[in-house]
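Quick notes on the structure that follows.
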Amino acid sequence: MFVYIMANNRPTLYTGVTDSLVRRVQEHKKDKIEGFTKKYQLHKLVYFEVGETPIAAIIREKQIKDMNRNEKLKMIHEFNPTFRDVYKDILKM
């Protein structure tokens, strides 16, 4: 299970959880999911982490969603200092 954050260049942020990170990011990038990520063109994977279990991943997703914007941006910056799209990196995993 993965917890991930999608973004655009503003950056508007979206936090989600999935069992297939590659598939889910492809869905976001191709605007296959109606709603927030499609509306705001959130096509950059800027952060992800692996959850040991589905429950652990869901708990972590809720923790991240409870963070304020500055805390999320700091966490992303520590993981991904240039705020680049790390999608190609996960394809190598």
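Chain labels run A, B, ... following the order of the structure tokens; each chain numbers its residues from 1, and ligands are numbered from 1 in the order shown.
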Once you count only C-alpha atoms, what closest atom pair and distance in Å to one decimal does each residue of region 2-49 of chain A within 9 Å of region 53-74 of chain A have, with rows by chain and rising residue number, as a Markdown table?
```
| residue | atom | partner | partner_atom | distance |
| --- | --- | --- | --- | --- |
| A:Phe2 | CA | A:Ala57 | CA | 6.3 |
| A:Val3 | CA | A:Glu61 | CA | 5.9 |
| A:Tyr4 | CA | A:Glu61 | CA | 8.1 |
| A:Leu13 | CA | A:Arg69 | CA | 8.5 |
| A:Tyr14 | CA | A:Lys65 | CA | 8.6 |
| A:Thr15 | CA | A:Lys65 | CA | 6.6 |
| A:Gly16 | CA | A:Glu61 | CA | 6.5 |
| A:Val17 | CA | A:Glu61 | CA | 6.5 |
| A:Thr18 | CA | A:Ala57 | CA | 8.5 |
| A:Asp19 | CA | A:Pro54 | CA | 8.0 |
| A:Glu49 | CA | A:Ala57 | CA | 8.6 |
```
### Task
Could you tell me, as a ChimeraX atom specification, which residues of region 34-63 of chain A DSSP assigns to helix (DSSP H, G or I) when given the backbone?
/A:36-39,54-63
Those residues with N, CA, C and O atoms, as a PDB file, in the first residue's frame please?
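Writing the result to result35.pdb gives the following:
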```
ATOM      1  N   PHE A  36     -11.500  16.369  -7.750  1.00  0.00           N
ATOM      2  CA  PHE A  36     -10.497  17.364  -7.378  1.00  0.00           C
ATOM      3  C   PHE A  36      -9.243  17.309  -8.238  1.00  0.00           C
ATOM      4  O   PHE A  36      -8.786  18.332  -8.744  1.00  0.00           O
ATOM      5  N   THR A  37      -8.663  16.125  -8.410  1.00  0.00           N
ATOM      6  CA  THR A  37      -7.392  16.042  -9.141  1.00  0.00           C
ATOM      7  C   THR A  37      -7.565  16.389 -10.613  1.00  0.00           C
ATOM      8  O   THR A  37      -6.685  16.985 -11.214  1.00  0.00           O
ATOM      9  N   LYS A  38      -8.689  16.038 -11.188  1.00  0.00           N
ATOM     10  CA  LYS A  38      -8.956  16.399 -12.587  1.00  0.00           C
ATOM     11  C   LYS A  38      -9.205  17.905 -12.707  1.00  0.00           C
ATOM     12  O   LYS A  38      -8.647  18.564 -13.591  1.00  0.00           O
ATOM     13  N   LYS A  39     -10.011  18.436 -11.813  1.00  0.00           N
ATOM     14  CA  LYS A  39     -10.351  19.864 -11.851  1.00  0.00           C
ATOM     15  C   LYS A  39      -9.111  20.744 -11.764  1.00  0.00           C
ATOM     16  O   LYS A  39      -8.985  21.742 -12.472  1.00  0.00           O
ATOM     17  N   PRO A  54      -2.462  -2.237   4.801  1.00  0.00           N
ATOM     18  CA  PRO A  54      -3.489  -1.296   4.359  1.00  0.00           C
ATOM     19  C   PRO A  54      -3.953  -0.350   5.475  1.00  0.00           C
ATOM     20  O   PRO A  54      -4.109   0.850   5.245  1.00  0.00           O
ATOM     21  N   ILE A  55      -4.121  -0.870   6.660  1.00  0.00           N
ATOM     22  CA  ILE A  55      -4.565  -0.027   7.775  1.00  0.00           C
ATOM     23  C   ILE A  55      -3.514   1.025   8.114  1.00  0.00           C
ATOM     24  O   ILE A  55      -3.843   2.192   8.342  1.00  0.00           O
ATOM     25  N   ALA A  56      -2.251   0.633   8.124  1.00  0.00           N
ATOM     26  CA  ALA A  56      -1.174   1.593   8.405  1.00  0.00           C
ATOM     27  C   ALA A  56      -1.142   2.699   7.352  1.00  0.00           C
ATOM     28  O   ALA A  56      -0.931   3.871   7.682  1.00  0.00           O
ATOM     29  N   ALA A  57      -1.349   2.345   6.094  1.00  0.00           N
ATOM     30  CA  ALA A  57      -1.349   3.338   5.020  1.00  0.00           C
ATOM     31  C   ALA A  57      -2.519   4.309   5.168  1.00  0.00           C
ATOM     32  O   ALA A  57      -2.359   5.523   4.986  1.00  0.00           O
ATOM     33  N   ILE A  58      -3.680   3.793   5.519  1.00  0.00           N
ATOM     34  CA  ILE A  58      -4.854   4.650   5.706  1.00  0.00           C
ATOM     35  C   ILE A  58      -4.661   5.586   6.894  1.00  0.00           C
ATOM     36  O   ILE A  58      -4.989   6.780   6.824  1.00  0.00           O
ATOM     37  N   ILE A  59      -4.088   5.087   7.976  1.00  0.00           N
ATOM     38  CA  ILE A  59      -3.797   5.928   9.143  1.00  0.00           C
ATOM     39  C   ILE A  59      -2.819   7.032   8.764  1.00  0.00           C
ATOM     40  O   ILE A  59      -3.003   8.199   9.116  1.00  0.00           O
ATOM     41  N   ARG A  60      -1.785   6.670   8.003  1.00  0.00           N
ATOM     42  CA  ARG A  60      -0.794   7.670   7.584  1.00  0.00           C
ATOM     43  C   ARG A  60      -1.425   8.708   6.646  1.00  0.00           C
ATOM     44  O   ARG A  60      -1.139   9.907   6.764  1.00  0.00           O
ATOM     45  N   GLU A  61      -2.287   8.264   5.747  1.00  0.00           N
ATOM     46  CA  GLU A  61      -2.988   9.203   4.859  1.00  0.00           C
ATOM     47  C   GLU A  61      -3.767  10.222   5.691  1.00  0.00           C
ATOM     48  O   GLU A  61      -3.717  11.428   5.423  1.00  0.00           O
ATOM     49  N   LYS A  62      -4.467   9.754   6.703  1.00  0.00           N
ATOM     50  CA  LYS A  62      -5.248  10.655   7.559  1.00  0.00           C
ATOM     51  C   LYS A  62      -4.331  11.622   8.316  1.00  0.00           C
ATOM     52  O   LYS A  62      -4.666  12.793   8.487  1.00  0.00           O
ATOM     53  N   GLN A  63      -3.166  11.129   8.763  1.00  0.00           N
ATOM     54  CA  GLN A  63      -2.207  12.009   9.440  1.00  0.00           C
ATOM     55  C   GLN A  63      -1.747  13.120   8.509  1.00  0.00           C
ATOM     56  O   GLN A  63      -1.657  14.284   8.904  1.00  0.00           O
TER      57      GLN A  63
END
```
### Query
So what do you get for CA of Asp85 (chain A) versus CA of Leu45 (chain A), distance-wise?
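Straight-line distance from CA of Asp85 (chain A) to CA of Leu45 (chain A) works out to 5.0 Å.
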### Query
Counting only C-alpha atoms, which of A:Met1, A:Lys29, A:His43, A:Phe48 gets nearest to Met75 (chain A)?
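The answer is A:Phe48, which sits nearest to Met75 (chain A).
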### Query
How many Å lie between CA of Gln41 (chain A) and CA of Asn8 (chain A), rounded to one decimal?
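Computing the Euclidean distance for CA of Gln41 (chain A) and CA of Asn8 (chain A) yields 6.3 Å.
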### Task
Write out as a ChimeraX atom specification all residues of chain A that backbone DSSP assigns to strand (DSSP E).
/A:2-7,13-18,44-50
### Query
What separation in Å, quoted to one decimal, exists between CA of Gln26 (chain A) and CA of Glu78 (chain A)?
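Going from CA of Gln26 (chain A) over to CA of Glu78 (chain A) covers 24.1 Å.
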### Message
Env of Arg84 (chain A): 10 Å cut, atoms = only C-alpha atoms, seq-sep filter 6 positions within chain, self excluded. Answer as a list in words.
### Response
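Everything that qualifies: Ala7, Asn9, Lys44, Leu45, Val46, Tyr47 and His77 of chain A.
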